[in-house]
file query-v4.txt (compact mmCIF, C-alpha atoms)
# COMPACT_ATOMS: atom_id res chain seq x y z
CA MET A 214 15.15 -20.22 56.52
CA SER A 215 17.24 -21.74 53.70
CA HIS A 216 19.46 -19.77 51.35
CA ALA A 217 20.17 -19.79 47.64
CA PHE A 218 23.41 -17.79 47.54
CA VAL A 219 25.57 -16.99 50.55
CA LEU A 220 28.50 -14.61 50.06
CA ASP A 221 31.01 -14.67 52.91
CA HIS A 222 33.52 -11.78 53.11
CA VAL A 223 33.93 -11.61 49.32
CA THR A 224 36.47 -9.22 47.78
CA TYR A 225 37.25 -8.72 44.10
CA THR A 226 39.62 -6.25 42.41
CA TYR A 227 39.87 -5.82 38.65
CA PRO A 228 43.35 -6.50 37.23
CA GLY A 229 45.43 -3.33 37.09
CA ARG A 230 43.29 -1.45 39.61
CA ASP A 231 44.16 -0.56 43.17
CA LYS A 232 40.69 -0.29 44.72
CA PRO A 233 38.42 -3.35 44.99
CA ALA A 234 35.18 -3.33 43.04
CA VAL A 235 33.65 -5.47 45.80
CA LEU A 236 35.13 -5.24 49.29
CA ASP A 237 34.63 -7.73 52.15
CA LEU A 238 30.98 -8.24 51.20
CA SER A 239 28.77 -10.72 53.05
CA LEU A 240 25.19 -11.28 51.89
CA GLU A 241 22.54 -13.98 52.20
CA ILE A 242 20.03 -14.38 49.36
CA LEU A 243 17.00 -16.23 50.67
CA GLU A 244 15.68 -19.22 48.74
CA GLY A 245 12.27 -18.68 47.16
CA LYS A 246 12.27 -14.96 47.92
CA THR A 247 12.97 -11.79 45.95
CA THR A 248 16.05 -9.81 46.92
CA VAL A 249 16.54 -6.43 45.24
CA LEU A 250 19.96 -4.76 45.09
CA LEU A 251 20.10 -0.96 45.04
CA GLY A 252 23.16 1.22 44.61
CA PRO A 253 24.55 4.20 42.70
CA ASN A 254 26.50 3.82 39.46
CA GLY A 255 29.93 2.33 40.02
CA ALA A 256 29.03 0.90 43.41
CA GLY A 257 29.84 -2.69 42.44
CA LYS A 258 26.42 -4.07 41.47
CA SER A 259 27.52 -5.45 38.09
CA THR A 260 30.66 -6.98 39.58
CA LEU A 261 28.59 -8.69 42.25
CA MET A 262 26.34 -10.14 39.54
CA ASP A 263 29.40 -11.41 37.65
CA LEU A 264 30.61 -13.14 40.79
CA LEU A 265 27.27 -14.89 41.28
CA LEU A 266 27.42 -16.11 37.67
CA ARG A 267 31.01 -17.29 38.23
CA TRP A 268 32.20 -15.04 35.42
CA ARG A 269 34.68 -13.69 37.96
CA LYS A 270 36.30 -15.44 40.91
CA PRO A 271 36.63 -13.81 44.34
CA GLU A 272 40.15 -12.96 45.51
CA THR A 273 39.11 -13.69 49.08
CA GLY A 274 36.00 -15.06 50.68
CA SER A 275 33.60 -17.68 49.39
CA ILE A 276 30.26 -18.04 47.60
CA THR A 277 27.94 -20.99 48.13
CA LEU A 278 24.86 -21.92 46.12
CA PHE A 279 22.30 -24.11 47.89
CA GLY A 280 24.96 -25.10 50.40
CA GLN A 281 27.66 -26.09 47.88
CA GLN A 282 30.70 -24.07 46.91
CA LEU A 283 29.88 -22.20 43.72
CA GLU A 284 33.16 -23.28 42.15
CA SER A 285 32.18 -26.95 42.56
CA TYR A 286 29.31 -26.63 40.06
CA THR A 287 29.94 -27.82 36.54
CA LYS A 288 29.09 -25.34 33.80
CA ARG A 289 26.12 -27.50 32.79
CA LYS A 290 24.79 -27.85 36.35
CA LEU A 291 25.20 -24.12 37.02
CA GLY A 292 23.28 -23.35 33.80
CA GLN A 293 20.48 -25.63 34.98
CA THR A 294 20.33 -23.84 38.34
CA VAL A 295 20.92 -20.13 37.64
CA SER A 296 19.86 -18.02 34.66
CA LEU A 297 20.43 -14.37 33.78
CA VAL A 298 18.26 -11.70 32.23
CA PRO A 299 20.82 -9.10 31.03
CA GLN A 300 20.02 -5.41 30.80
CA GLU A 301 20.33 -5.60 27.03
CA GLU A 302 21.66 -7.96 24.43
CA GLY A 303 21.95 -7.36 20.70
CA SER A 304 21.96 -9.94 17.93
CA ARG A 305 22.85 -9.46 14.29
CA PHE A 306 21.05 -12.66 13.33
CA SER A 307 17.39 -12.85 12.42
CA PHE A 308 16.30 -15.61 14.78
CA THR A 309 12.61 -16.00 15.48
CA VAL A 310 11.43 -15.48 19.04
CA LEU A 311 11.02 -19.24 19.48
CA GLU A 312 14.48 -20.01 18.09
CA TYR A 313 16.05 -17.45 20.42
CA VAL A 314 14.20 -18.71 23.49
CA LEU A 315 15.35 -22.25 22.65
CA PHE A 316 18.92 -21.12 23.40
CA GLY A 317 17.82 -21.28 27.03
CA ARG A 318 17.70 -25.06 26.70
CA SER A 319 21.45 -25.24 25.95
CA PRO A 320 22.45 -26.45 29.46
CA TYR A 321 20.28 -29.52 28.91
CA LEU A 322 21.54 -30.42 25.43
CA HIS A 323 24.64 -32.36 24.50
CA GLU A 324 27.05 -30.68 22.10
CA LEU A 325 25.60 -30.29 18.57
CA ALA A 326 22.32 -31.93 19.64
CA SER A 327 19.05 -30.50 18.33
CA PRO A 328 16.23 -29.46 20.68
CA THR A 329 13.71 -32.19 21.38
CA LYS A 330 9.93 -31.87 21.31
CA GLY A 331 10.12 -31.48 25.08
CA ASP A 332 12.57 -28.58 24.73
CA ILE A 333 10.26 -26.88 22.22
CA ARG A 334 7.31 -27.34 24.57
CA ILE A 335 9.26 -25.77 27.45
CA ALA A 336 10.29 -22.85 25.21
CA TYR A 337 6.66 -22.27 24.20
CA ASP A 338 5.61 -22.42 27.85
CA SER A 339 8.22 -19.77 28.70
CA ILE A 340 7.00 -17.57 25.85
CA ARG A 341 3.41 -17.87 27.06
CA GLN A 342 4.46 -17.16 30.63
CA VAL A 343 5.71 -13.70 29.66
CA GLY A 344 2.78 -13.06 27.30
CA ILE A 345 4.49 -12.92 23.89
CA GLU A 346 3.03 -16.06 22.30
CA SER A 347 1.47 -13.97 19.51
CA ILE A 348 4.96 -13.05 18.22
CA ALA A 349 6.61 -16.46 18.68
CA HIS A 350 7.49 -16.72 14.99
CA ARG A 351 8.51 -13.12 14.40
CA SER A 352 12.12 -12.11 13.84
CA ILE A 353 13.75 -10.73 16.97
CA THR A 354 15.12 -7.85 14.87
CA THR A 355 11.56 -6.45 14.61
CA LEU A 356 10.82 -6.33 18.33
CA SER A 357 10.18 -3.21 20.38
CA GLY A 358 12.20 -2.50 23.50
CA GLY A 359 9.50 -3.91 25.75
CA GLU A 360 9.09 -7.04 23.62
CA HIS A 361 12.85 -7.59 23.60
CA GLN A 362 13.01 -7.43 27.40
CA LEU A 363 10.25 -10.04 27.61
CA LEU A 364 12.18 -12.15 25.07
CA LEU A 365 15.26 -12.14 27.32
CA LEU A 366 13.10 -13.10 30.27
CA ALA A 367 11.49 -15.97 28.33
CA ARG A 368 14.91 -17.32 27.31
CA ALA A 369 16.05 -17.28 30.95
CA LEU A 370 12.89 -19.09 32.05
CA ALA A 371 13.47 -21.78 29.41
CA GLN A 372 16.49 -22.80 31.50
CA GLN A 373 14.01 -23.76 34.24
CA PRO A 374 16.23 -22.09 36.85
CA LYS A 375 15.95 -22.27 40.60
CA VAL A 376 17.53 -18.79 40.75
CA LEU A 377 16.83 -15.97 38.32
CA LEU A 378 19.26 -13.03 38.19
CA LEU A 379 18.15 -9.83 36.46
CA ASP A 380 20.28 -6.78 35.66
CA GLU A 381 18.13 -3.62 35.69
CA PRO A 382 15.07 -5.42 34.22
CA THR A 383 12.95 -2.25 33.90
CA SER A 384 15.60 0.41 33.21
CA SER A 385 14.70 1.07 29.56
CA LEU A 386 10.97 0.41 29.76
CA ASP A 387 7.99 2.76 29.70
CA PRO A 388 5.53 2.66 32.63
CA GLY A 389 3.21 0.19 30.88
CA ASN A 390 5.95 -2.34 30.15
CA THR A 391 7.47 -1.78 33.59
CA ALA A 392 4.14 -2.75 35.16
CA LYS A 393 4.01 -5.84 32.93
CA VAL A 394 7.50 -6.99 33.95
CA VAL A 395 6.80 -6.32 37.64
CA LYS A 396 3.63 -8.44 37.44
CA ILE A 397 5.58 -11.30 35.84
CA LEU A 398 8.33 -11.10 38.49
CA ARG A 399 5.79 -11.24 41.29
CA HIS A 400 4.15 -14.27 39.66
CA LEU A 401 7.51 -16.04 39.33
CA SER A 402 8.21 -15.40 42.99
CA GLN A 403 4.87 -16.97 43.89
CA GLN A 404 6.04 -20.08 42.01
CA GLY A 405 8.99 -20.37 44.39
CA ILE A 406 11.76 -19.13 42.08
CA THR A 407 14.51 -17.20 43.87
CA LEU A 408 14.85 -13.75 42.30
CA PHE A 409 17.80 -11.39 42.66
CA PHE A 410 17.86 -8.21 40.64
CA THR A 411 19.46 -4.80 40.48
CA THR A 412 17.52 -1.60 39.93
CA HIS A 413 17.82 2.15 40.28
CA ASP A 414 14.08 2.43 40.91
CA PRO A 415 13.11 2.06 44.59
CA SER A 416 9.42 1.91 43.62
CA VAL A 417 10.04 -1.28 41.61
CA ALA A 418 11.87 -2.70 44.60
CA ALA A 419 8.91 -1.83 46.83
CA GLU A 420 6.53 -3.74 44.54
CA CYS A 421 8.64 -6.90 44.31
CA ALA A 422 11.09 -7.31 47.14
CA HIS A 423 10.99 -9.48 50.23
CA GLN A 424 14.46 -8.24 51.13
CA ILE A 425 16.52 -5.17 50.22
CA ALA A 426 20.29 -5.06 49.85
CA MET A 427 22.28 -1.90 49.23
CA ILE A 428 25.83 -1.51 48.01
CA ALA A 429 27.85 1.71 48.03
CA LYS A 430 31.56 2.29 47.40
CA SER A 431 32.08 -1.47 46.87
CA SER A 432 30.74 -2.43 50.31
CA LEU A 433 27.41 -3.60 51.63
CA LEU A 434 25.59 -0.66 53.19
CA PHE A 435 22.38 -2.39 54.20
CA SER A 436 20.61 -5.75 54.06
CA GLY A 437 17.24 -6.34 55.62
CA ARG A 438 13.56 -5.56 55.60
CA VAL A 439 12.00 -3.61 52.74
CA GLU A 440 10.44 -0.97 54.98
CA ASP A 441 13.82 -0.24 56.61
CA GLY A 442 15.79 -0.24 53.36
CA LEU A 443 13.39 2.05 51.56
CA SER A 444 13.19 4.64 54.31
CA SER A 445 14.11 8.25 53.57
CA SER A 446 17.18 8.10 55.80
CA THR A 447 18.59 4.88 54.31
CA LEU A 448 18.05 5.98 50.69
CA SER A 449 19.59 9.39 51.46
CA LYS A 450 22.68 7.67 52.85
CA LEU A 451 22.87 5.31 49.86
CA TYR A 452 22.72 7.98 47.16
CA GLY A 453 24.49 10.74 49.08
CA THR A 454 21.66 13.22 48.61
CA PRO A 455 18.52 14.02 50.62
CA MET A 456 15.65 11.70 49.62
CA GLU A 457 12.06 11.56 50.81
CA THR A 458 9.69 8.61 50.56
CA PHE A 459 5.94 8.50 51.03
CA LEU A 460 2.99 6.36 50.05
CA HIS A 461 0.49 7.53 47.43
CA SER A 462 -2.53 5.30 46.72
CA GLY A 463 -0.61 2.40 48.25
CA ASN A 464 2.47 2.90 46.05
CA LEU A 465 5.90 4.07 47.20
CA VAL A 466 6.98 7.44 45.82
CA VAL A 467 10.59 8.53 46.13
CA THR A 468 11.66 12.13 45.53
CA ARG A 469 14.96 13.94 45.79
CA ILE A 470 14.90 16.97 48.07
CA HIS A 471 16.42 20.01 46.35
call {"tool": "encode", "arguments": {"input": "query-v4.txt", "output": "structure tokens"}}
result
Amino acid sequence: MSHAFVLDHVTYTYPGRDKPAVLDLSLEILEGKTTVLLGPNGAGKSTLMDLLLRWRKPETGSITLFGQQLESYTKRKLGQTVSLVPQEEGSRFSFTVLEYVLFGRSPYLHELASPTKGDIRIAYDSIRQVGIESIAHRSITTLSGGEHQLLLLARALAQQPKVLLLDEPTSSLDPGNTAKVVKILRHLSQQGITLFFTTHDPSVAAECAHQIAMIAKSSLLFSGRVEDGLSSSTLSKLYGTPMETFLHSGNLVVTRIH
């Protein structure tokens, strides 16, 4: 089975700190599959995401993307291959939804060039894919939390990525919008896009993941099958507190044992 990202014994320490934020971490992210990363706050999830985006460079170890060293990618080529849906992103400017999504076409445009008709078509297609075509010409300053999350997802899709990274994509959403995002993520996976996202919600992982990875105290705790990663014993070890999992109407329910 081919891989999108492969991390080989990666370590990273923030300047001025003694303890690594990521320590000797090796992980394979399968191409065309959904890998979900779980871990407590401060475990190193955000740092790992930064490393995959090449916002930070490993002190030791290596990262490859589709068999090539990540550092060998030009900024333009990396932007055409990997896109990010951040947890949140504010803007003081009153762009319309379409104008904002068009920023996702930046890796394909030369400096100061205007979007072409083809770029606009791709942006519209991305907007339709996440179901917000009815607000395409609204100001982004008027959007609800759920609409804004779908906006960020549409912008990332406008990059036409092979790999989509998402940082806590459902963390601030109500159950209705969470279900909507989960449905979209599952559809994107069916299209063959490689998905890698962080979450604190094991039930979201259960609905989307082909593979589970877990990070705790800067190191990889687990990587493997969903049913093994989302067991009571593995989750209890990850979060350092007794957890119990069970199925209810086909859905995973996770509770903390008091």
call {"tool": "residues_around", "arguments": {"input": "query-v4.txt", "residues": "region 424-439 of chain A", "least_positions_apart": "5", "cutoff": "10 Å", "atoms": "only C-alpha atoms", "output": "VMD selection string"}}
result
chain A and resid 223 to 226 232 to 243 246 to 258 260 to 261 409 411 415 418 to 419 444 447 to 448 450 to 453
call {"tool": "atom_distance", "arguments": {"input": "query-v4.txt", "atom1": "CA of Asp263 (chain A)", "atom2": "CA of Pro320 (chain A)"}}
result
18.5 Å
call {"tool": "residues_around", "arguments": {"input": "query-v4.txt", "residues": "region 308-315 of chain A", "least_positions_apart": "4", "cutoff": "7 Å", "atoms": "all atoms listed in the file", "output": "list in words"}}
result
Ile333, Ala336, Ile348, Ala349, His350, Arg351, Ser352, Ile353, Leu364, Ala367, Arg368 and Ala371 of chain A
call {"tool": "closest_residue", "arguments": {"input": "query-v4.txt", "among": "A:Lys375, A:His400, A:Arg318, A:His323", "to": "Gln342 (chain A)", "atoms": "only C-alpha atoms"}}
result
A:His400
call {"tool": "residues_around", "arguments": {"input": "query-v4.txt", "residues": "Gly292 (chain A)", "least_positions_apart": "2", "cutoff": "12 Å", "atoms": "only C-alpha atoms", "output": "number ranges by chain"}}
result
A: 265-267, 283, 286-290, 294-297, 316-322, 369-378
call {"tool": "atom_distance", "arguments": {"input": "query-v4.txt", "atom1": "CA of Leu365 (chain A)", "atom2": "CA of Gly303 (chain A)"}}
result
10.6 Å
call {"tool": "atom_distance", "arguments": {"input": "query-v4.txt", "atom1": "CA of Met214 (chain A)", "atom2": "CA of Pro271 (chain A)"}}
result
25.5 Å
call {"tool": "residues_around", "arguments": {"input": "query-v4.txt", "residues": "region 379-386 of chain A", "least_positions_apart": "4", "cutoff": "9 Å", "atoms": "all atoms listed in the file", "output": "list in words"}}
result
Lys258, Ser259, Met262, Ser296, Leu297, Val298, Pro299, Gln300, Glu301, Gly358, Gly359, Gln362, Leu366, Asn390, Thr391, Ala392, Val394, Val395, Leu408, Phe409, Phe410, Thr411, Thr412, His413, Asp414 and Val417 of chain A
call {"tool": "closest_residue", "arguments": {"input": "query-v4.txt", "among": "A:Ile276, A:Leu363, A:Leu465, A:Leu264", "to": "His222 (chain A)", "atoms": "only C-alpha atoms"}}
result
A:Ile276
call {"tool": "closest_residue", "arguments": {"input": "query-v4.txt", "among": "A:His361, A:Arg469, A:Val343, A:Thr407", "to": "Ser215 (chain A)", "atoms": "only C-alpha atoms"}}
result
A:Thr407
